[in-house]
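Shown next: input.csv, given as CSV, C-alpha atoms.
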```csv
chain,number,residue,atom,x,y,z
K,2,MET,CA,14.7,57.9,54.1
K,3,THR,CA,16.6,61.2,54.0
K,4,ALA,CA,19.0,60.0,56.7
K,5,LEU,CA,19.6,56.7,54.9
K,6,ASP,CA,19.9,58.6,51.6
K,7,TYR,CA,22.7,60.7,53.1
K,8,ARG,CA,24.5,57.8,54.7
K,9,ILE,CA,24.7,56.0,51.4
K,10,TYR,CA,25.8,59.2,49.7
K,11,HIS,CA,28.4,60.0,52.3
K,12,ALA,CA,29.8,56.5,52.1
K,13,ILE,CA,30.2,56.7,48.3
K,14,ASN,CA,31.5,60.2,48.5
K,15,GLN,CA,34.3,59.2,51.0
K,16,PHE,CA,35.1,56.1,48.9
K,17,VAL,CA,35.6,58.2,45.7
K,18,LEU,CA,37.5,60.8,47.7
K,19,HIS,CA,40.1,58.2,48.5
K,20,HIS,CA,40.1,57.1,44.8
K,21,ALA,CA,40.4,60.4,43.1
K,22,TRP,CA,41.0,58.8,39.7
K,23,LEU,CA,37.5,57.4,39.8
K,24,GLY,CA,36.0,60.8,40.5
K,25,ARG,CA,38.0,62.4,37.7
K,26,GLY,CA,37.1,59.7,35.2
K,27,LEU,CA,33.4,59.8,36.0
K,28,THR,CA,33.4,63.6,35.6
K,29,VAL,CA,34.7,63.2,32.1
K,30,MET,CA,32.1,60.5,31.4
K,31,GLU,CA,29.3,62.6,32.9
K,32,ALA,CA,30.2,65.5,30.7
K,33,TRP,CA,29.8,63.5,27.5
K,34,ALA,CA,27.3,60.8,28.5
K,35,VAL,CA,24.0,62.7,28.1
K,36,PRO,CA,25.0,64.3,24.7
K,37,ALA,CA,26.2,60.8,23.6
K,38,ILE,CA,22.9,59.1,24.5
K,39,ALA,CA,21.0,61.9,22.8
K,40,VAL,CA,23.1,61.5,19.6
K,41,ALA,CA,22.6,57.7,19.8
K,42,THR,CA,18.9,58.2,20.1
K,43,PHE,CA,18.8,60.4,17.0
K,44,ALA,CA,21.0,57.8,15.2
K,45,LEU,CA,18.2,55.2,15.6
K,46,TRP,CA,16.4,57.1,12.9
K,47,LEU,CA,19.2,56.1,10.5
K,48,PHE,CA,18.4,52.4,11.1
K,49,ALA,CA,15.0,52.8,9.3
K,50,ARG,CA,15.4,52.2,5.6
K,51,PRO,CA,13.6,55.0,3.7
K,52,GLY,CA,10.1,53.8,2.7
K,53,ALA,CA,10.3,50.7,5.0
K,54,ASP,CA,9.2,49.9,8.5
K,55,ARG,CA,9.1,52.9,10.8
K,56,LYS,CA,10.0,51.1,14.0
K,57,TRP,CA,13.3,52.8,14.6
K,58,LYS,CA,11.9,56.2,13.6
K,59,LEU,CA,9.2,55.8,16.1
K,60,ALA,CA,11.6,54.6,18.7
K,61,SER,CA,13.8,57.7,18.2
K,62,ALA,CA,10.9,60.1,18.2
K,63,SER,CA,9.4,58.5,21.3
K,64,ALA,CA,12.7,58.5,23.2
K,65,LEU,CA,13.4,62.2,22.4
K,66,ALA,CA,9.9,63.2,23.3
K,67,GLY,CA,10.0,61.2,26.5
K,68,ALA,CA,13.2,62.9,27.5
K,69,ALA,CA,11.8,66.4,26.9
K,70,ILE,CA,8.5,65.5,28.8
K,71,ALA,CA,10.5,64.0,31.7
K,72,LEU,CA,12.5,67.2,32.1
K,73,LEU,CA,9.2,69.2,32.2
K,74,VAL,CA,7.8,66.8,34.9
K,75,ASN,CA,11.0,67.4,36.9
K,76,GLN,CA,10.4,71.2,36.7
K,77,ALA,CA,6.9,70.7,38.1
K,78,ILE,CA,8.2,68.5,40.9
K,79,GLY,CA,10.9,71.0,41.7
K,80,GLN,CA,8.3,73.7,42.1
K,81,ILE,CA,6.4,71.5,44.7
K,82,TRP,CA,9.5,70.4,46.6
K,83,HIS,CA,12.9,72.0,46.1
K,84,ARG,CA,15.4,69.6,47.6
K,85,GLN,CA,18.9,71.1,47.8
K,86,ARG,CA,21.8,69.4,46.3
K,87,PRO,CA,23.7,67.3,48.8
K,88,PHE,CA,26.8,69.5,48.7
K,89,ALA,CA,24.6,72.5,49.5
K,90,THR,CA,23.2,70.8,52.6
K,91,HIS,CA,26.4,69.1,53.6
K,92,PRO,CA,29.3,71.5,52.7
K,93,SER,CA,31.9,68.9,53.6
K,94,ALA,CA,30.8,66.8,50.6
K,95,HIS,CA,33.3,66.6,47.8
K,96,VAL,CA,32.1,67.3,44.3
K,97,TRP,CA,33.9,66.5,41.1
K,98,GLY,CA,33.0,68.9,38.3
K,99,SER,CA,30.6,71.9,38.4
K,100,ARG,CA,28.2,72.6,41.2
K,101,SER,CA,24.7,73.1,39.9
K,102,HIS,CA,22.1,74.6,42.2
K,103,ASP,CA,19.0,73.2,40.3
K,104,PRO,CA,16.7,71.1,42.5
K,105,SER,CA,18.3,67.8,43.4
K,106,PHE,CA,15.1,65.7,43.2
K,107,PRO,CA,14.6,64.1,40.8
K,108,SER,CA,17.8,64.1,38.8
K,109,ASP,CA,17.4,65.6,35.4
K,110,HIS,CA,20.2,63.5,34.0
K,111,ALA,CA,18.6,60.3,35.2
K,112,SER,CA,15.1,61.3,34.2
K,113,ALA,CA,16.1,62.1,30.6
K,114,ALA,CA,18.5,59.1,30.2
K,115,PHE,CA,15.9,56.6,31.6
K,116,ALA,CA,13.1,58.1,29.6
K,117,ILE,CA,15.2,57.5,26.4
K,118,ALA,CA,16.3,54.1,27.5
K,119,PHE,CA,12.8,52.8,28.5
K,120,ALA,CA,11.2,54.2,25.4
K,121,VAL,CA,13.8,52.4,23.2
K,122,PHE,CA,13.4,49.2,25.3
K,123,LEU,CA,9.7,49.2,24.6
K,124,PHE,CA,10.4,49.0,20.9
K,125,ASP,CA,13.4,46.6,21.0
K,126,ARG,CA,14.6,44.8,24.1
K,127,LEU,CA,18.2,44.1,22.9
K,128,VAL,CA,19.0,47.7,21.8
K,129,GLY,CA,16.9,49.1,24.7
K,130,SER,CA,19.1,47.1,27.2
K,131,VAL,CA,22.2,48.8,25.9
K,132,PHE,CA,20.5,52.2,26.4
K,133,LEU,CA,19.4,51.1,29.9
K,134,ALA,CA,22.9,50.1,30.8
K,135,ALA,CA,24.1,53.6,29.7
K,136,ALA,CA,21.3,55.2,31.8
K,137,VAL,CA,22.4,53.2,34.8
K,138,LEU,CA,26.0,54.4,34.3
K,139,ILE,CA,24.8,58.0,34.0
K,140,GLY,CA,22.7,57.7,37.2
K,141,VAL,CA,25.3,56.0,39.3
K,142,GLY,CA,27.9,58.5,38.0
K,143,ARG,CA,25.8,61.4,39.3
K,144,VAL,CA,26.0,60.0,42.8
K,145,PHE,CA,29.7,59.1,42.5
K,146,ILE,CA,30.7,62.6,41.5
K,147,GLY,CA,28.8,64.0,44.4
K,148,ALA,CA,26.0,65.8,42.4
K,149,HIS,CA,23.0,63.8,43.7
K,150,TYR,CA,21.6,61.6,46.5
K,151,PRO,CA,20.8,58.0,45.5
K,152,ALA,CA,17.0,58.7,45.9
K,153,ASP,CA,17.3,61.5,43.3
K,154,ILE,CA,18.5,58.9,40.8
K,155,LEU,CA,15.8,56.4,41.7
K,156,ALA,CA,13.1,59.1,41.4
K,157,GLY,CA,14.6,60.1,38.0
K,158,ALA,CA,14.5,56.5,36.8
K,159,LEU,CA,10.8,56.2,37.9
K,160,VAL,CA,9.9,59.5,36.2
K,161,GLY,CA,11.7,58.3,33.0
K,162,PHE,CA,9.9,54.9,33.1
K,163,ALA,CA,6.5,56.4,33.6
K,164,VAL,CA,6.9,59.1,30.9
K,165,ALA,CA,8.3,56.6,28.4
K,166,LEU,CA,5.4,54.2,29.1
K,167,ILE,CA,2.8,57.0,28.6
K,168,VAL,CA,4.5,58.3,25.4
K,169,VAL,CA,4.9,54.9,23.8
K,170,LYS,CA,1.4,53.6,24.8
K,171,PHE,CA,-0.7,56.7,24.4
K,172,ALA,CA,1.2,59.1,22.1
K,173,ARG,CA,2.2,56.6,19.4
K,174,TYR,CA,-0.2,57.8,16.7
K,175,ALA,CA,0.5,61.5,17.3
K,176,LEU,CA,4.2,60.8,17.0
K,177,LEU,CA,3.6,58.6,13.9
K,178,GLY,CA,2.1,61.7,12.2
K,179,LEU,CA,5.1,63.8,13.1
K,180,VAL,CA,7.4,61.0,11.9
K,181,ARG,CA,5.6,60.9,8.5
K,182,ILE,CA,6.2,64.7,8.2
K,183,ALA,CA,9.8,64.5,9.2
K,184,GLU,CA,10.7,61.5,6.9
K,185,ARG,CA,9.6,63.6,3.9
K,186,VAL,CA,12.8,65.5,4.6
K,187,THR,CA,15.1,62.8,5.8
K,188,ASP,CA,14.2,59.9,3.5
K,189,PRO,CA,15.4,61.7,0.3
K,190,LEU,CA,18.6,62.5,2.1
K,191,LEU,CA,19.2,59.0,3.4
K,192,ALA,CA,18.1,57.0,0.4
K,193,PRO,CA,21.4,57.5,-1.6
K,194,LEU,CA,23.3,56.2,1.4
K,195,TRP,CA,21.1,53.1,1.6
K,196,ARG,CA,21.6,52.5,-2.1
K,197,LEU,CA,25.4,52.7,-1.7
K,198,ARG,CA,25.2,50.3,1.2
K,199,ALA,CA,23.2,47.8,-1.0
K,200,HIS,CA,26.1,47.9,-3.5
```
Starting from the file, lay out its structure as structure tokens.
Amino acid sequence: MTALDYRIYHAINQFVLHHAWLGRGLTVMEAWAVPAIAVATFALWLFARPGADRKWKLASASALAGAAIALLVNQAIGQIWHRQRPFATHPSAHVWGSRSHDPSFPSDHASAAFAIAFAVFLFDRLVGSVFLAAAVLIGVGRVFIGAHYPADILAGALVGFAVALIVVKFARYALLGLVRIAERVTDPLLAPLWRLRAH
């Protein structure tokens, strides 16, 4: 698997090297993609009318909790198996952007993005599909800029899916309690905006 992983990585790396505009463009996208998906996740909270259904609040809370837990899972995996980044193992590899020396497997970017996306998908398939498309772009981008092997992204997606499923299925009531506490602060702030929208 490792040899195949590198062959795919190398082929993509060489392709992007000959199309530098793609590497530069993806570097910019990667710099903003994770903060953007995190902001979009928080924005889901705004979809819930104060005092009404808590679907979007739960989706937002589940997604953010899933991302945090997925990153903790990655830390544990990294302690067991520290896989070097591809550019560290293969110095000839070209990297667009910064060179992180965190463990390569699984990808933190992919784990967090897919945890968010799958959590939202479990609440709403249409909106979740948009988040999943964004997660795929983030994951593919990590390989294209030379930061990760393809298997790192696949593993990150699996971690994200597993964590999202556990959070949504088994931590729903705990998160609902936290949502009820948080909405005591946010609902009074958002209520005037909803009233303006109604007019």
Spatial neighbours of K:Leu27, 8 Å, all atoms listed in the file, chain gap at least 6 places, as a list in words: Gly142, Phe145 and Ile146 of chain K
What does the distance between atom CA of K:Val121 and atom CA of K:Ala60 come to in Å, to one decimal place?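 Between atom CA of K:Val121 and atom CA of K:Ala60 the gap works out to 5.5 Å.
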Quick one: everything within 12 Å of K:His91, counting only C-alpha atoms, minus sequence neighbours fewer than 6 positions away in the same chain. Send it as a list of chain:residue names. K:Tyr7, K:Arg8, K:Tyr10, K:His11, K:Asn14, K:Gln85, K:Gly147, K:Ala148, K:His149, K:Tyr150
Written file, previous selection with C-alpha atoms, as an mmCIF file, in the frame of the given file:
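Contents of result-v6.cif, freshly written:
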```cif
data_model
loop_
_atom_site.group_PDB
_atom_site.id
_atom_site.type_symbol
_atom_site.label_atom_id
_atom_site.label_comp_id
_atom_site.auth_asym_id
_atom_site.auth_seq_id
_atom_site.Cartn_x
_atom_site.Cartn_y
_atom_site.Cartn_z
ATOM 1 C CA TYR K 7 22.700 60.700 53.100
ATOM 2 C CA ARG K 8 24.500 57.800 54.700
ATOM 3 C CA TYR K 10 25.800 59.200 49.700
ATOM 4 C CA HIS K 11 28.400 60.000 52.300
ATOM 5 C CA ASN K 14 31.500 60.200 48.500
ATOM 6 C CA GLN K 85 18.900 71.100 47.800
ATOM 7 C CA GLY K 147 28.800 64.000 44.400
ATOM 8 C CA ALA K 148 26.000 65.800 42.400
ATOM 9 C CA HIS K 149 23.000 63.800 43.700
ATOM 10 C CA TYR K 150 21.600 61.600 46.500
#
```
d(atom CA of K:Arg143, atom CA of K:Gln80) in Å: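 Between atom CA of K:Arg143 and atom CA of K:Gln80 the gap works out to 21.6 Å.
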What's the separation between atom CA of K:Ser61 and atom CA of K:Ile117, in Å to one decimal place?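 These atoms are spaced 8.3 Å apart.
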Could you give me, as a tab-separated table, every stretch 76-135 of chain K residue with an atom at most 12 Å from stretch 34-53 of chain K, plus its closest atom pair and distance in Å to one decimal, counting all atoms listed in the file, rows ordered by chain then number?
```
residue	atom	partner	partner_atom	distance
K:Asp109	CA	K:Val35	CA	10.3
K:His110	CA	K:Val35	CA	7.1
K:Ala111	CA	K:Val35	CA	9.2
K:Ser112	CA	K:Val35	CA	10.9
K:Ala113	CA	K:Val35	CA	8.3
K:Ala114	CA	K:Val35	CA	6.9
K:Phe115	CA	K:Ile38	CA	10.3
K:Ala116	CA	K:Ile38	CA	11.1
K:Ile117	CA	K:Thr42	CA	7.3
K:Ala118	CA	K:Ile38	CA	8.8
K:Phe119	CA	K:Thr42	CA	11.7
K:Ala120	CA	K:Thr42	CA	10.2
K:Val121	CA	K:Thr42	CA	8.3
K:Phe122	CA	K:Thr42	CA	11.8
K:Phe124	CA	K:Leu45	CA	11.3
K:Asp125	CA	K:Leu45	CA	11.2
K:Val128	CA	K:Leu45	CA	9.8
K:Gly129	CA	K:Thr42	CA	10.4
K:Val131	CA	K:Ile38	CA	10.4
K:Phe132	CA	K:Ile38	CA	7.5
K:Leu133	CA	K:Ile38	CA	10.3
K:Ala134	CA	K:Ile38	CA	11.0
K:Ala135	CA	K:Ile38	CA	7.7
```
Protein and nucleic acid residues near (6.0, 67.1, 30.8) (cut-off 12 Å, all atoms listed in the file) as a PDB file with C-alpha atoms, in the frame of the given file:
```pdb
ATOM      1  CA  ALA K  66       9.900  63.200  23.300  1.00  0.00           C
ATOM      2  CA  GLY K  67      10.000  61.200  26.500  1.00  0.00           C
ATOM      3  CA  ALA K  68      13.200  62.900  27.500  1.00  0.00           C
ATOM      4  CA  ALA K  69      11.800  66.400  26.900  1.00  0.00           C
ATOM      5  CA  ILE K  70       8.500  65.500  28.800  1.00  0.00           C
ATOM      6  CA  ALA K  71      10.500  64.000  31.700  1.00  0.00           C
ATOM      7  CA  LEU K  72      12.500  67.200  32.100  1.00  0.00           C
ATOM      8  CA  LEU K  73       9.200  69.200  32.200  1.00  0.00           C
ATOM      9  CA  VAL K  74       7.800  66.800  34.900  1.00  0.00           C
ATOM     10  CA  ASN K  75      11.000  67.400  36.900  1.00  0.00           C
ATOM     11  CA  GLN K  76      10.400  71.200  36.700  1.00  0.00           C
ATOM     12  CA  ALA K  77       6.900  70.700  38.100  1.00  0.00           C
ATOM     13  CA  ILE K  78       8.200  68.500  40.900  1.00  0.00           C
ATOM     14  CA  SER K 112      15.100  61.300  34.200  1.00  0.00           C
ATOM     15  CA  ALA K 113      16.100  62.100  30.600  1.00  0.00           C
ATOM     16  CA  ALA K 116      13.100  58.100  29.600  1.00  0.00           C
ATOM     17  CA  VAL K 160       9.900  59.500  36.200  1.00  0.00           C
ATOM     18  CA  GLY K 161      11.700  58.300  33.000  1.00  0.00           C
ATOM     19  CA  ALA K 163       6.500  56.400  33.600  1.00  0.00           C
ATOM     20  CA  VAL K 164       6.900  59.100  30.900  1.00  0.00           C
ATOM     21  CA  ALA K 165       8.300  56.600  28.400  1.00  0.00           C
ATOM     22  CA  ILE K 167       2.800  57.000  28.600  1.00  0.00           C
ATOM     23  CA  VAL K 168       4.500  58.300  25.400  1.00  0.00           C
TER      24      VAL K 168
END
```
Which residue is closest to K:Ala32? Choose from K:Ala158, K:Leu176, K:Ile139, K:Leu194 and count only C-alpha atoms.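 For K:Ala32, the nearest of the candidates is K:Ile139.
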Please produce stretch 158-181 of chain K, completed to N, CA, C and O atoms, as an mmCIF file, in the coordinates of the input.
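Saved as out-v2.cif:
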```
data_model
loop_
_atom_site.group_PDB
_atom_site.id
_atom_site.type_symbol
_atom_site.label_atom_id
_atom_site.label_comp_id
_atom_site.auth_asym_id
_atom_site.auth_seq_id
_atom_site.Cartn_x
_atom_site.Cartn_y
_atom_site.Cartn_z
ATOM 1 N N ALA K 158 14.728 57.742 37.589
ATOM 2 C CA ALA K 158 14.500 56.500 36.800
ATOM 3 C C ALA K 158 12.963 56.234 36.770
ATOM 4 O O ALA K 158 12.440 55.827 35.722
ATOM 5 N N LEU K 159 12.267 56.455 37.867
ATOM 6 C CA LEU K 159 10.800 56.200 37.900
ATOM 7 C C LEU K 159 10.078 57.223 37.017
ATOM 8 O O LEU K 159 9.126 56.855 36.321
ATOM 9 N N VAL K 160 10.509 58.477 37.053
ATOM 10 C CA VAL K 160 9.900 59.500 36.200
ATOM 11 C C VAL K 160 10.143 59.097 34.715
ATOM 12 O O VAL K 160 9.227 59.128 33.886
ATOM 13 N N GLY K 161 11.370 58.708 34.401
ATOM 14 C CA GLY K 161 11.700 58.300 33.000
ATOM 15 C C GLY K 161 10.873 57.128 32.570
ATOM 16 O O GLY K 161 10.364 57.119 31.440
ATOM 17 N N PHE K 162 10.710 56.128 33.442
ATOM 18 C CA PHE K 162 9.900 54.900 33.100
ATOM 19 C C PHE K 162 8.470 55.304 32.838
ATOM 20 O O PHE K 162 7.869 54.888 31.839
ATOM 21 N N ALA K 163 7.890 56.080 33.762
ATOM 22 C CA ALA K 163 6.500 56.400 33.600
ATOM 23 C C ALA K 163 6.216 57.257 32.380
ATOM 24 O O ALA K 163 5.251 56.989 31.648
ATOM 25 N N VAL K 164 7.077 58.217 32.118
ATOM 26 C CA VAL K 164 6.900 59.100 30.900
ATOM 27 C C VAL K 164 7.067 58.233 29.658
ATOM 28 O O VAL K 164 6.273 58.364 28.717
ATOM 29 N N ALA K 165 8.081 57.384 29.613
ATOM 30 C CA ALA K 165 8.300 56.600 28.400
ATOM 31 C C ALA K 165 7.106 55.656 28.160
ATOM 32 O O ALA K 165 6.673 55.508 27.001
ATOM 33 N N LEU K 166 6.559 55.079 29.201
ATOM 34 C CA LEU K 166 5.400 54.200 29.100
ATOM 35 C C LEU K 166 4.200 54.951 28.505
ATOM 36 O O LEU K 166 3.513 54.484 27.586
ATOM 37 N N ILE K 167 3.966 56.139 29.039
ATOM 38 C CA ILE K 167 2.800 57.000 28.600
ATOM 39 C C ILE K 167 3.027 57.383 27.132
ATOM 40 O O ILE K 167 2.103 57.295 26.316
ATOM 41 N N VAL K 168 4.239 57.822 26.804
ATOM 42 C CA VAL K 168 4.500 58.300 25.400
ATOM 43 C C VAL K 168 4.331 57.142 24.434
ATOM 44 O O VAL K 168 3.671 57.303 23.408
ATOM 45 N N VAL K 169 4.923 55.987 24.733
ATOM 46 C CA VAL K 169 4.900 54.900 23.800
ATOM 47 C C VAL K 169 3.464 54.293 23.660
ATOM 48 O O VAL K 169 3.022 53.939 22.562
ATOM 49 N N LYS K 170 2.746 54.223 24.769
ATOM 50 C CA LYS K 170 1.400 53.600 24.800
ATOM 51 C C LYS K 170 0.321 54.532 24.291
ATOM 52 O O LYS K 170 -0.630 54.100 23.632
ATOM 53 N N PHE K 171 0.432 55.807 24.616
ATOM 54 C CA PHE K 171 -0.700 56.700 24.400
ATOM 55 C C PHE K 171 -0.421 57.826 23.347
ATOM 56 O O PHE K 171 -1.364 58.454 22.874
ATOM 57 N N ALA K 172 0.853 58.083 23.039
ATOM 58 C CA ALA K 172 1.200 59.100 22.100
ATOM 59 C C ALA K 172 1.718 58.587 20.773
ATOM 60 O O ALA K 172 2.212 59.342 19.942
ATOM 61 N N ARG K 173 1.615 57.284 20.602
ATOM 62 C CA ARG K 173 2.200 56.600 19.400
ATOM 63 C C ARG K 173 1.680 57.187 18.122
ATOM 64 O O ARG K 173 2.447 57.475 17.202
ATOM 65 N N TYR K 174 0.346 57.341 18.013
ATOM 66 C CA TYR K 174 -0.200 57.800 16.700
ATOM 67 C C TYR K 174 0.046 59.244 16.457
ATOM 68 O O TYR K 174 0.236 59.640 15.303
ATOM 69 N N ALA K 175 0.111 60.051 17.515
ATOM 70 C CA ALA K 175 0.500 61.500 17.300
ATOM 71 C C ALA K 175 1.917 61.561 16.827
ATOM 72 O O ALA K 175 2.223 62.330 15.907
ATOM 73 N N LEU K 176 2.801 60.751 17.418
ATOM 74 C CA LEU K 176 4.200 60.800 17.000
ATOM 75 C C LEU K 176 4.365 60.193 15.595
ATOM 76 O O LEU K 176 5.218 60.652 14.831
ATOM 77 N N LEU K 177 3.522 59.219 15.258
ATOM 78 C CA LEU K 177 3.600 58.600 13.900
ATOM 79 C C LEU K 177 3.305 59.711 12.865
ATOM 80 O O LEU K 177 3.948 59.755 11.812
ATOM 81 N N GLY K 178 2.360 60.596 13.163
ATOM 82 C CA GLY K 178 2.100 61.700 12.200
ATOM 83 C C GLY K 178 3.266 62.608 12.073
ATOM 84 O O GLY K 178 3.587 63.031 10.950
ATOM 85 N N LEU K 179 3.951 62.912 13.171
ATOM 86 C CA LEU K 179 5.100 63.800 13.100
ATOM 87 C C LEU K 179 6.280 63.059 12.360
ATOM 88 O O LEU K 179 7.030 63.699 11.623
ATOM 89 N N VAL K 180 6.381 61.745 12.577
ATOM 90 C CA VAL K 180 7.400 61.000 11.900
ATOM 91 C C VAL K 180 7.186 61.019 10.375
ATOM 92 O O VAL K 180 8.127 61.193 9.594
ATOM 93 N N ARG K 181 5.947 60.880 9.956
ATOM 94 C CA ARG K 181 5.600 60.900 8.500
ATOM 95 C C ARG K 181 5.989 62.263 7.896
ATOM 96 O O ARG K 181 6.430 62.327 6.752
#
```
